[in-house]
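Just query17.cif here, mmCIF, C-alpha atoms and all ligand atoms:
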data_input
#
loop_
_atom_site.label_atom_id
_atom_site.label_comp_id
_atom_site.auth_asym_id
_atom_site.auth_seq_id
_atom_site.Cartn_x
_atom_site.Cartn_y
_atom_site.Cartn_z
CA MET E 1 56.72 -30.46 63.23
CA PHE E 2 55.80 -30.61 59.53
CA TYR E 3 57.02 -34.21 59.54
CA HIS E 4 54.63 -35.10 62.36
CA LEU E 5 51.68 -33.01 61.16
CA LEU E 6 51.79 -33.30 57.39
CA TYR E 7 53.40 -36.62 56.53
CA PRO E 8 50.62 -38.72 58.15
CA LEU E 9 48.15 -37.02 55.77
CA HIS E 10 49.94 -38.45 52.71
CA THR E 11 47.38 -41.24 52.39
CA LYS E 12 44.79 -38.56 51.52
CA ILE E 13 47.02 -36.01 49.79
CA SER E 14 49.80 -37.88 48.01
CA PHE E 15 51.94 -34.73 47.59
CA LEU E 16 52.56 -34.76 51.36
CA ASN E 17 54.57 -37.93 50.89
CA LEU E 18 57.47 -35.56 50.21
CA PHE E 19 57.70 -34.76 53.92
CA GLN E 20 59.06 -38.21 54.71
CA TYR E 21 62.24 -37.57 52.71
CA ILE E 22 65.30 -36.35 54.57
CA THR E 23 66.68 -34.76 51.38
CA PHE E 24 63.53 -32.67 50.87
CA ARG E 25 63.37 -31.61 54.52
CA THR E 26 67.10 -30.76 54.57
CA ILE E 27 66.77 -28.42 51.58
CA TYR E 28 63.79 -26.61 53.08
CA ALA E 29 65.32 -26.52 56.57
CA SER E 30 68.31 -24.79 55.01
CA LEU E 31 66.16 -22.28 53.09
CA THR E 32 63.98 -21.61 56.16
CA ALA E 33 66.96 -20.82 58.40
CA PHE E 34 68.51 -18.70 55.65
CA LEU E 35 65.33 -16.65 55.22
CA VAL E 36 64.82 -16.18 58.97
CA CYS E 37 68.37 -14.80 59.33
CA PHE E 38 68.10 -12.74 56.16
CA LEU E 39 64.75 -11.18 57.13
CA LEU E 40 65.51 -10.63 60.82
CA GLY E 41 69.12 -9.49 60.22
CA PRO E 42 68.44 -5.73 59.87
CA TYR E 43 66.13 -5.76 62.93
CA THR E 44 68.74 -7.68 64.98
CA ILE E 45 71.52 -5.28 63.99
CA ARG E 46 69.36 -2.25 64.92
CA THR E 47 68.33 -3.80 68.25
CA LEU E 48 71.90 -4.79 69.24
CA ALA E 49 73.08 -1.29 68.31
CA LYS E 50 70.28 0.27 70.38
CA LEU E 51 71.26 -1.94 73.35
CA GLN E 52 74.85 -0.80 72.76
CA ILE E 53 76.10 -4.34 72.39
CA GLY E 54 79.05 -3.19 70.29
CA GLN E 55 82.42 -4.86 69.92
CA TYR E 56 85.31 -3.66 72.07
CA ILE E 57 88.53 -3.89 70.05
CA ARG E 58 91.76 -4.84 71.78
CA GLU E 59 94.46 -2.20 71.42
CA GLU E 60 97.31 -4.64 70.87
CA GLY E 61 95.77 -5.96 67.65
CA PRO E 62 96.28 -4.94 64.05
CA GLN E 63 95.52 -1.22 63.69
CA GLN E 64 92.97 -1.79 60.89
CA HIS E 65 90.68 -3.40 63.48
CA GLN E 66 90.17 -0.19 65.47
CA LYS E 67 87.71 1.07 62.87
CA LYS E 68 85.49 -1.95 63.68
CA ALA E 69 84.89 -0.70 67.23
CA GLY E 70 81.19 -0.65 68.10
CA THR E 71 80.13 -3.18 65.43
CA PRO E 72 77.08 -4.95 66.92
CA THR E 73 78.07 -8.37 68.26
CA MET E 74 76.26 -11.46 69.69
CA GLY E 75 74.72 -12.06 66.23
CA GLY E 76 75.09 -15.76 67.07
CA LEU E 77 71.76 -15.39 68.88
CA LEU E 78 70.09 -14.83 65.51
CA ILE E 79 71.82 -17.87 63.99
CA LEU E 80 70.76 -20.05 66.94
CA PHE E 81 67.16 -18.79 66.72
CA SER E 82 66.95 -19.48 62.99
CA VAL E 83 68.47 -22.96 63.32
CA LEU E 84 66.31 -24.00 66.27
CA LEU E 85 63.13 -22.69 64.61
CA SER E 86 63.94 -24.39 61.32
CA GLY E 87 64.89 -27.63 63.10
CA PHE E 88 61.64 -27.52 65.04
CA LEU E 89 59.68 -27.15 61.79
CA TRP E 90 61.50 -29.66 59.60
CA ALA E 91 63.21 -32.35 61.76
CA ASP E 92 61.77 -35.54 63.23
CA LEU E 93 61.41 -34.46 66.85
CA THR E 94 61.32 -38.03 68.14
CA ASN E 95 64.92 -38.58 67.04
CA VAL E 96 67.42 -38.64 69.92
CA TYR E 97 70.37 -37.34 67.84
CA VAL E 98 68.37 -34.26 66.87
CA TRP E 99 67.99 -33.43 70.56
CA ILE E 100 71.65 -34.11 71.28
CA VAL E 101 72.69 -31.56 68.62
CA VAL E 102 70.09 -29.10 69.94
CA ALA E 103 71.45 -29.59 73.49
CA SER E 104 74.98 -29.00 72.21
CA LEU E 105 73.95 -25.76 70.45
CA ALA E 106 72.04 -24.54 73.50
CA GLY E 107 74.71 -25.59 76.04
CA PHE E 108 77.73 -24.15 74.23
CA GLY E 109 75.55 -21.17 73.29
CA ALA E 110 74.87 -20.55 77.00
CA ILE E 111 78.61 -20.64 77.81
CA GLY E 112 79.31 -18.21 74.95
CA PHE E 113 76.41 -16.03 76.03
CA ALA E 114 77.77 -15.82 79.60
CA ASP E 115 81.16 -14.78 78.19
CA ASP E 116 79.64 -12.15 75.88
CA TYR E 117 77.28 -10.95 78.59
CA LEU E 118 80.12 -10.25 81.01
CA MET E 119 82.16 -8.55 78.30
CA GLN E 120 79.55 -6.63 76.32
CA ILE E 121 76.77 -5.93 78.78
CA LYS E 122 78.59 -5.84 82.12
CA LYS E 123 81.48 -4.15 80.24
CA ARG E 124 84.10 -6.29 81.98
CA ASN E 125 87.06 -6.27 79.59
CA LYS E 126 87.53 -10.00 80.14
CA GLY E 127 84.57 -12.40 79.95
CA LEU E 128 84.63 -15.81 81.65
CA SER E 129 88.12 -16.87 82.70
CA ALA E 130 89.78 -19.30 80.28
CA ARG E 131 89.74 -21.96 82.99
CA ALA E 132 86.03 -21.55 83.78
CA LYS E 133 85.18 -21.65 80.07
CA PHE E 134 87.24 -24.81 79.54
CA LEU E 135 85.74 -26.56 82.58
CA LEU E 136 82.17 -25.78 81.53
CA GLN E 137 82.85 -26.86 77.95
CA SER E 138 84.43 -30.14 79.10
CA LEU E 139 81.59 -30.90 81.49
CA LEU E 140 78.99 -30.33 78.79
CA ALA E 141 80.94 -32.42 76.28
CA VAL E 142 81.23 -35.32 78.76
CA VAL E 143 77.44 -35.32 79.24
CA LEU E 144 76.82 -35.16 75.47
CA CYS E 145 79.27 -38.00 74.74
CA PHE E 146 77.85 -40.12 77.52
CA VAL E 147 74.34 -39.81 76.06
CA ILE E 148 75.65 -40.51 72.55
CA VAL E 149 77.45 -43.74 73.48
CA ARG E 150 74.42 -44.91 75.48
CA THR E 151 72.11 -44.46 72.47
CA SER E 152 71.00 -47.79 71.13
CA GLY E 153 72.90 -48.86 68.01
CA PHE E 154 75.85 -46.51 68.60
CA ASP E 155 79.23 -48.16 68.21
CA THR E 156 82.43 -47.10 69.99
CA VAL E 157 84.70 -48.22 67.15
CA LEU E 158 86.89 -45.59 65.53
CA LEU E 159 86.71 -44.96 61.80
CA VAL E 160 90.17 -44.12 60.43
CA PRO E 161 90.08 -42.06 57.22
CA PHE E 162 91.70 -43.83 54.23
CA PHE E 163 91.96 -47.18 56.09
CA LYS E 164 88.82 -49.25 55.96
CA ARG E 165 90.29 -52.22 57.79
CA VAL E 166 91.59 -50.24 60.78
CA THR E 167 88.62 -49.93 63.14
CA PRO E 168 89.79 -50.21 66.75
CA ASP E 169 87.08 -50.39 69.42
CA LEU E 170 87.84 -47.65 71.94
CA GLY E 171 85.26 -48.81 74.50
CA GLY E 172 85.14 -46.34 77.43
CA PHE E 173 87.98 -44.27 75.96
CA TYR E 174 85.59 -43.23 73.20
CA ILE E 175 84.11 -40.64 75.56
CA LEU E 176 87.56 -39.09 75.99
CA LEU E 177 88.00 -38.83 72.22
CA GLY E 178 84.51 -37.36 71.82
CA VAL E 179 85.16 -34.71 74.47
CA LEU E 180 88.45 -33.79 72.80
CA VAL E 181 86.75 -33.43 69.41
CA ILE E 182 83.82 -31.37 70.71
CA VAL E 183 85.76 -29.03 73.01
CA GLY E 184 88.55 -28.71 70.42
CA ALA E 185 86.09 -27.80 67.65
CA SER E 186 84.32 -25.23 69.82
CA ASN E 187 87.59 -23.45 70.69
CA ALA E 188 89.17 -23.76 67.23
CA VAL E 189 86.12 -22.14 65.61
CA ASN E 190 86.24 -19.39 68.24
CA LEU E 191 89.90 -18.62 67.46
CA THR E 192 89.21 -18.46 63.72
CA ASP E 193 86.42 -15.90 64.19
CA GLY E 194 88.64 -12.85 63.82
CA LEU E 195 87.96 -11.39 60.34
CA ASP E 196 84.67 -10.59 58.58
CA GLY E 197 83.07 -13.84 57.41
CA LEU E 198 86.28 -15.78 58.07
CA VAL E 199 84.56 -18.40 60.20
CA ALA E 200 80.99 -18.26 58.82
CA GLY E 201 82.06 -19.24 55.27
CA PRO E 202 84.13 -22.32 56.24
CA LEU E 203 81.42 -23.33 58.74
CA VAL E 204 78.87 -23.43 55.89
CA VAL E 205 81.31 -25.65 53.98
CA SER E 206 81.86 -27.91 57.01
CA PHE E 207 78.15 -28.38 57.71
CA VAL E 208 77.51 -29.16 54.02
CA ALA E 209 80.23 -31.82 54.18
CA TYR E 210 78.66 -33.28 57.35
CA MET E 211 75.29 -33.25 55.61
CA ALA E 212 76.80 -35.89 53.30
CA PHE E 213 78.42 -37.84 56.16
CA SER E 214 75.28 -37.97 58.30
CA TYR E 215 73.13 -39.02 55.35
CA VAL E 216 75.57 -41.83 54.54
CA ALA E 217 76.04 -42.96 58.17
CA GLY E 218 72.29 -43.13 58.74
CA ASN E 219 71.42 -45.08 55.60
CA VAL E 220 72.11 -48.77 56.07
CA ILE E 221 72.47 -49.52 52.34
CA ILE E 222 74.82 -46.64 51.50
CA ALA E 223 76.81 -47.10 54.75
CA ARG E 224 77.37 -50.79 54.00
CA TYR E 225 78.23 -50.02 50.37
CA LEU E 226 80.82 -47.40 51.36
CA GLN E 227 81.96 -49.53 54.31
CA VAL E 228 81.49 -46.85 56.94
CA VAL E 229 79.92 -47.46 60.35
CA TYR E 230 76.12 -47.49 60.20
CA VAL E 231 74.60 -45.32 62.94
CA PRO E 232 70.83 -46.00 63.07
CA GLY E 233 68.87 -42.73 63.29
CA SER E 234 71.81 -40.44 62.50
CA ALA E 235 70.46 -39.50 59.04
CA GLU E 236 68.03 -37.11 60.70
CA VAL E 237 71.04 -34.98 61.72
CA THR E 238 71.31 -34.11 57.99
CA VAL E 239 68.24 -31.88 58.41
CA LEU E 240 69.94 -29.94 61.23
CA CYS E 241 73.19 -29.64 59.24
CA GLY E 242 71.07 -28.11 56.47
CA ALA E 243 69.51 -25.65 58.92
CA LEU E 244 72.97 -24.76 60.28
CA ALA E 245 74.40 -24.16 56.81
CA GLY E 246 71.34 -22.09 55.83
CA GLY E 247 71.36 -19.99 59.01
CA LEU E 248 75.06 -19.30 58.56
CA MET E 249 74.49 -18.20 54.95
CA GLY E 250 71.81 -15.78 56.14
CA PHE E 251 74.21 -14.45 58.80
CA LEU E 252 77.05 -14.18 56.28
CA TRP E 253 74.87 -11.82 54.23
CA PHE E 254 75.48 -9.23 56.96
CA ASN E 255 78.81 -10.50 58.31
CA ALA E 256 80.51 -10.32 54.87
CA TYR E 257 83.21 -7.65 54.59
CA PRO E 258 82.68 -4.92 55.72
CA ALA E 259 80.73 -6.64 58.52
CA GLN E 260 77.60 -5.05 59.96
CA ILE E 261 77.50 -7.64 62.76
CA PHE E 262 79.78 -10.20 64.50
CA MET E 263 78.53 -13.52 65.91
CA GLY E 264 80.22 -13.21 69.32
CA ASP E 265 81.18 -16.17 71.51
CA VAL E 266 77.52 -17.16 71.68
CA GLY E 267 77.86 -17.95 67.96
CA SER E 268 81.40 -19.25 67.64
CA LEU E 269 81.43 -21.54 70.70
CA SER E 270 77.99 -23.02 69.96
CA LEU E 271 78.54 -23.58 66.23
CA GLY E 272 81.96 -25.12 66.84
CA GLY E 273 80.54 -27.32 69.59
CA ALA E 274 77.68 -28.43 67.34
CA LEU E 275 80.11 -29.25 64.53
CA GLY E 276 82.16 -31.43 66.89
CA THR E 277 78.99 -33.11 68.16
CA VAL E 278 77.83 -33.90 64.61
CA ALA E 279 81.30 -35.31 63.84
CA VAL E 280 81.01 -37.67 66.83
CA ILE E 281 77.43 -38.76 66.01
CA THR E 282 78.28 -39.51 62.37
CA LYS E 283 81.46 -41.33 63.42
CA GLN E 284 83.64 -39.10 61.30
CA GLU E 285 85.47 -37.69 64.33
CA LEU E 286 89.01 -37.91 62.97
CA LEU E 287 87.91 -36.55 59.61
CA LEU E 288 86.90 -33.28 61.29
CA THR E 289 90.60 -32.38 61.38
CA LEU E 290 90.44 -32.36 57.56
CA VAL E 291 86.92 -30.91 57.05
CA GLY E 292 87.78 -28.19 59.57
CA GLY E 293 91.47 -28.15 58.59
CA LEU E 294 91.41 -24.36 58.50
CA PHE E 295 90.28 -24.20 62.14
CA VAL E 296 93.04 -26.67 63.03
CA VAL E 297 95.73 -24.61 61.27
CA GLU E 298 94.57 -21.44 63.06
CA THR E 299 94.71 -23.24 66.42
CA VAL E 300 98.12 -24.79 65.75
CA SER E 301 99.43 -21.32 64.83
CA VAL E 302 98.37 -20.09 68.29
CA ILE E 303 99.88 -23.10 70.10
CA LEU E 304 103.19 -22.71 68.23
CA GLN E 305 103.28 -18.95 68.74
CA VAL E 306 102.51 -19.08 72.47
CA GLY E 307 104.90 -22.03 73.02
CA PHE E 308 107.74 -20.35 71.13
CA PHE E 309 107.00 -16.99 72.79
CA LYS E 310 107.32 -18.55 76.25
CA ALA E 311 110.32 -20.74 75.44
CA THR E 312 112.33 -17.90 73.94
CA SER E 313 111.08 -15.16 76.32
CA GLY E 314 109.39 -13.04 73.74
CA LYS E 315 110.39 -14.23 70.23
CA ARG E 316 107.66 -14.94 67.68
CA ILE E 317 107.22 -17.35 64.74
CA PHE E 318 104.37 -15.36 63.19
CA ARG E 319 103.98 -11.61 63.20
CA MET E 320 100.86 -12.29 65.28
CA ALA E 321 98.67 -15.32 66.02
CA PRO E 322 96.12 -16.63 65.07
CA LEU E 323 97.43 -16.96 61.50
CA HIS E 324 94.98 -14.50 59.88
CA HIS E 325 96.58 -11.67 61.89
CA HIS E 326 99.99 -12.66 60.49
CA PHE E 327 98.80 -12.02 56.94
CA GLU E 328 97.10 -8.78 57.96
CA LEU E 329 100.36 -7.51 59.40
CA LYS E 330 102.14 -8.58 56.22
CA GLY E 331 99.89 -6.10 54.42
CA TRP E 332 97.34 -8.39 52.76
CA GLU E 333 93.93 -6.75 52.43
CA GLU E 334 91.28 -8.31 54.70
CA PRO E 335 88.97 -9.56 51.87
CA LYS E 336 91.93 -11.26 50.19
CA ILE E 337 92.80 -13.21 53.36
CA ILE E 338 89.15 -14.16 53.89
CA VAL E 339 88.52 -15.43 50.36
CA ARG E 340 91.84 -17.30 50.22
CA PHE E 341 91.07 -18.99 53.55
CA TRP E 342 87.61 -19.93 52.19
CA ILE E 343 89.21 -21.47 49.12
CA ILE E 344 91.46 -23.59 51.34
CA ALA E 345 88.45 -24.65 53.44
CA ILE E 346 86.51 -25.74 50.34
CA ALA E 347 89.47 -27.69 48.98
CA LEU E 348 89.99 -29.48 52.32
CA ALA E 349 86.29 -30.36 52.57
CA LEU E 350 86.39 -31.83 49.06
CA VAL E 351 89.35 -34.04 49.99
CA ALA E 352 87.49 -35.06 53.16
CA VAL E 353 84.35 -36.07 51.23
CA SER E 354 86.52 -38.05 48.79
CA THR E 355 87.63 -40.28 51.67
CA LEU E 356 84.22 -41.93 51.50
CA LYS E 357 85.55 -43.55 48.32
CA ILE E 358 89.32 -43.59 48.91
CA ARG E 359 89.51 -46.23 51.61
C1 LIG H 1 88.56 -14.56 70.02
N1 LIG H 1 87.97 -12.79 68.80
C2 LIG H 1 88.34 -11.72 68.06
C3 LIG H 1 83.72 -11.15 67.83
C4 LIG H 1 83.68 -12.57 67.42
C5 LIG H 1 95.41 -17.23 73.02
C6 LIG H 1 95.07 -16.12 72.06
C7 LIG H 1 95.75 -16.27 70.77
C8 LIG H 1 93.54 -16.00 71.97
C9 LIG H 1 93.06 -15.12 70.88
C10 LIG H 1 91.61 -14.97 71.11
O1 LIG H 1 91.18 -14.44 72.10
N2 LIG H 1 90.85 -15.52 70.20
C11 LIG H 1 89.42 -15.73 70.31
C12 LIG H 1 88.82 -13.94 68.75
C13 LIG H 1 87.33 -10.54 68.10
O2 LIG H 1 86.03 -10.97 67.69
C14 LIG H 1 85.01 -11.11 68.65
O3 LIG H 1 85.08 -12.36 69.27
C15 LIG H 1 84.07 -13.22 68.72
C16 LIG H 1 84.56 -14.61 68.54
N3 LIG H 1 84.95 -15.13 69.80
O4 LIG H 1 82.41 -12.94 66.97
O5 LIG H 1 82.63 -10.83 68.63
C17 LIG H 1 87.83 -9.51 67.08
O6 LIG H 1 87.97 -10.14 65.82
C18 LIG H 1 87.61 -9.24 64.78
N4 LIG H 1 86.47 -9.79 64.00
C19 LIG H 1 86.27 -9.29 62.75
N5 LIG H 1 85.20 -9.77 62.02
C20 LIG H 1 84.37 -10.76 62.49
O7 LIG H 1 83.42 -11.17 61.77
O8 LIG H 1 86.98 -8.42 62.29
C21 LIG H 1 85.67 -10.78 64.52
C22 LIG H 1 84.61 -11.28 63.78
C23 LIG H 1 86.88 -8.38 66.85
C24 LIG H 1 87.25 -7.94 65.47
O9 LIG H 1 88.38 -7.12 65.52
O10 LIG H 1 87.07 -7.43 67.84
C25 LIG H 1 89.70 -11.23 68.57
O11 LIG H 1 90.66 -11.41 67.80
O12 LIG H 1 89.73 -10.69 69.66
N6 LIG H 1 93.79 -13.93 70.91
C26 LIG H 1 94.07 -13.21 69.83
O13 LIG H 1 93.58 -13.48 68.79
C27 LIG H 1 95.09 -12.11 70.00
N7 LIG H 1 96.37 -12.67 69.61
C28 LIG H 1 97.48 -12.58 70.37
O14 LIG H 1 97.47 -12.03 71.41
N8 LIG H 1 98.59 -13.19 69.84
C29 LIG H 1 99.88 -13.13 70.44
C30 LIG H 1 100.34 -14.54 70.91
C31 LIG H 1 101.69 -14.47 71.61
C32 LIG H 1 99.31 -15.24 71.66
C33 LIG H 1 100.87 -12.74 69.40
O15 LIG H 1 100.84 -13.32 68.31
O16 LIG H 1 101.65 -11.85 69.67
C34 LIG H 1 94.82 -10.93 69.09
N9 LIG H 1 93.47 -10.55 68.92
C35 LIG H 1 93.14 -9.26 68.64
N10 LIG H 1 93.98 -8.33 68.74
N11 LIG H 1 91.90 -8.88 68.26
C36 LIG H 1 95.60 -9.80 69.62
C37 LIG H 1 95.28 -8.54 69.04
#
Have the structure of the file written as structure tokens, please.
Amino acid sequence: MFYHLLYPLHTKISFLNLFQYITFRTIYASLTAFLVCFLLGPYTIRTLAKLQIGQYIREEGPQQHQKKAGTPTMGGLLILFSVLLSGFLWADLTNVYVWIVVASLAGFGAIGFADDYLMQIKKRNKGLSARAKFLLQSLLAVVLCFVIVRTSGFDTVLLVPFFKRVTPDLGGFYILLGVLVIVGASNAVNLTDGLDGLVAGPLVVSFVAYMAFSYVAGNVIIARYLQVVYVPGSAEVTVLCGALAGGLMGFLWFNAYPAQIFMGDVGSLSLGGALGTVAVITKQELLLTLVGGLFVVETVSVILQVGFFKATSGKRIFRMAPLHHHFELKGWEEPKIIVRFWIIAIALALVAVSTLKIR
């Protein structure tokens, strides 16, 4: 909104020229979302507690988790509110990619909300069935990918990290890849959200990395220089990545160990879905496996554990999956696991950003 209201006045007040710059708007979108979460956090926690939207803890989990019972959950609503408000204030609202990311946040947020609603409010001990969740996620992702590939200037070639000359055109199959990336990211982020701040920290890192990728992909000069695919209009997504990183930092203030609030599925499914959507728009889809390497490792640990468990009728590779539970059961303190996983996430994101040069 500021872009539409204030920038046109720059001919009279030259200072307002600042509002045209994506870098300036990204920084302030990030700070706005951070402040909204930070200021509304205590109110949100009190309200969720009053509504008795407290976490139910599964009995079969690590014992240490029982003391977390009743922690207010569905804090993802606050993150979504802060990001949408900040995006509304700072982004160019005529940009189609901005609306695609907003639709992704809202759509995956609605699926997560339905799941949380059934579990927390209706007190059903299972939310949506895994199959219903997967079907809804896939349907939404198909629609998002369809709109993305139909956007003028969007290319269906695939960018392969480290290999600048390998750029196969996937044509119609691109939608399949996009759906895989978006649904995979949504679920991988959800699985990782099992210790205080374990997913919020690495999500901040991932959105900061995608801030760089969207800025590069949307700037014809830098994209050509770095030999990545130019996606006209995608630079505006940088502003939303800033808002997402800022909102998550504000949430982390309260979600840091010992957490006063959890994000719930409404947070984890929507933020993961949005991350996947941004990866598709910026044409750094494959690189998401490196930027979000931590989410991938957590997911692979579950796949291996479940596969091995079934194949051997009850034997396990890890003490418990996802991987963070394995370390808990080995006796590591929760903050140690969290910070070490953050360190790994930062290192992986740095390697991912370096691929802009190493090609
Ligand atoms: C949800 N959710 C947390 C919170 C958060 C297939 C299977 C491996 C699936 C997996 C699973 O369901 N994962 C997805 C993970 C839950 O957190 C809530 O859920 C939201 C995210 N969706 O925002 O609202 C618990 O996580 C803890 N937590 C924190 N701090 C946070 O900031 O401590 C969350 C956020 C919270 C809280 O305790 O209650 C969850 O884990 O439920 N299933 C599992 O992870 C289960 N693993 C398992 O069964 N493994 C088996 C194999 C054979 C599949 C095994 O290894 O033996 C374990 N999960 C739990 N207890 N909690 C089982 C035991």
Residues of chain E at most 8 Å from ligand LIG 1 (chain H): nearest atom pair and distance in Å, all atoms listed in the file, as a Markdown table:
| residue | atom | partner | partner_atom | distance |
| --- | --- | --- | --- | --- |
| E:Gln55 | CA | H:LIG1 | O10 | 5.7 |
| E:Tyr56 | CA | H:LIG1 | O10 | 5.9 |
| E:Ile57 | CA | H:LIG1 | O10 | 4.4 |
| E:Arg58 | CA | H:LIG1 | N10 | 5.1 |
| E:Glu59 | CA | H:LIG1 | N10 | 6.7 |
| E:Glu60 | CA | H:LIG1 | C37 | 4.8 |
| E:Gly61 | CA | H:LIG1 | C37 | 3.0 |
| E:Pro62 | CA | H:LIG1 | N10 | 6.2 |
| E:His65 | CA | H:LIG1 | O9 | 4.8 |
| E:Gln66 | CA | H:LIG1 | O9 | 7.2 |
| E:Lys68 | CA | H:LIG1 | O9 | 6.2 |
| E:Ala69 | CA | H:LIG1 | O10 | 7.1 |
| E:Thr73 | CA | H:LIG1 | O5 | 5.2 |
| E:Met74 | CA | H:LIG1 | O5 | 6.5 |
| E:Gly75 | CA | H:LIG1 | O4 | 7.8 |
| E:Gly76 | CA | H:LIG1 | O4 | 7.8 |
| E:Asp116 | CA | H:LIG1 | O5 | 8.0 |
| E:Asn187 | CA | H:LIG1 | C11 | 7.9 |
| E:Asn190 | CA | H:LIG1 | N3 | 4.7 |
| E:Leu191 | CA | H:LIG1 | C11 | 4.1 |
| E:Thr192 | CA | H:LIG1 | C12 | 6.8 |
| E:Asp193 | CA | H:LIG1 | C16 | 4.9 |
| E:Gly194 | CA | H:LIG1 | O6 | 3.4 |
| E:Leu195 | CA | H:LIG1 | N5 | 3.6 |
| E:Asp196 | CA | H:LIG1 | O7 | 3.5 |
| E:Gly197 | CA | H:LIG1 | O7 | 5.1 |
| E:Leu198 | CA | H:LIG1 | O7 | 6.6 |
| E:Val199 | CA | H:LIG1 | O7 | 7.5 |
| E:Asn255 | CA | H:LIG1 | O7 | 5.8 |
| E:Ala256 | CA | H:LIG1 | O7 | 7.5 |
| E:Tyr257 | CA | H:LIG1 | N5 | 8.0 |
| E:Ala259 | CA | H:LIG1 | O7 | 6.2 |
| E:Ile261 | CA | H:LIG1 | O7 | 7.0 |
| E:Phe262 | CA | H:LIG1 | O4 | 4.5 |
| E:Met263 | CA | H:LIG1 | O4 | 4.1 |
| E:Gly264 | CA | H:LIG1 | O4 | 3.2 |
| E:Asp265 | CA | H:LIG1 | N3 | 4.3 |
| E:Val266 | CA | H:LIG1 | N3 | 7.9 |
| E:Gly267 | CA | H:LIG1 | O4 | 6.8 |
| E:Ser268 | CA | H:LIG1 | C16 | 5.7 |
| E:Leu269 | CA | H:LIG1 | N3 | 7.4 |
| E:Val302 | CA | H:LIG1 | C7 | 5.3 |
| E:Ile303 | CA | H:LIG1 | C5 | 7.9 |
| E:Gln305 | CA | H:LIG1 | C31 | 5.6 |
| E:Val306 | CA | H:LIG1 | C31 | 4.8 |
| E:Phe309 | CA | H:LIG1 | C31 | 6.0 |
| E:Arg316 | CA | H:LIG1 | O15 | 7.0 |
| E:Phe318 | CA | H:LIG1 | O15 | 6.5 |
| E:Arg319 | CA | H:LIG1 | O15 | 6.2 |
| E:Met320 | CA | H:LIG1 | O15 | 3.2 |
| E:Ala321 | CA | H:LIG1 | O15 | 3.7 |
| E:Pro322 | CA | H:LIG1 | O13 | 5.5 |
| E:His325 | CA | H:LIG1 | C34 | 7.4 |
| E:His326 | CA | H:LIG1 | O15 | 7.9 |
Subject >> Long-range neighbours of Lys133 (chain E) as a ChimeraX atom specification, 12 Å cut-off, all atoms listed in the file, 2 positions minimum in chain >> reply: /E:107-116,126-131,135-140,183,186-187,265,269
**OP:** Starting from the point (68.3, -30.9, 68.3), work out which residues of protein, DNA or RNA have an atom no more than 7 Å away when counting all atoms listed in the file; state them as a list in words.
**Re:** Tyr97, Val98, Trp99, Ile100, Val101, Val102 and Ala103 of chain E
Original post:
In Å, with one decimal, what is the gap from CA of Val208 (chain E) to CA of Phe163 (chain E)?
Top reply: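 We find that CA of Val208 (chain E) and CA of Phe163 (chain E) lie 23.2 Å from each other.
Counting only C-alpha atoms, the residue from E:Phe254, E:Ala132, E:Gly87, E:Lys330 that sits nearest to Tyr28 (chain E) is E:Gly87.
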**OP:** Rank E:Asn219, E:Ser354, E:Thr312, E:Ser206 by their smallest atom-to-atom distance to Gly292 (chain E), using only C-alpha atoms, and report the top residue only.
**Re:** E:Ser206
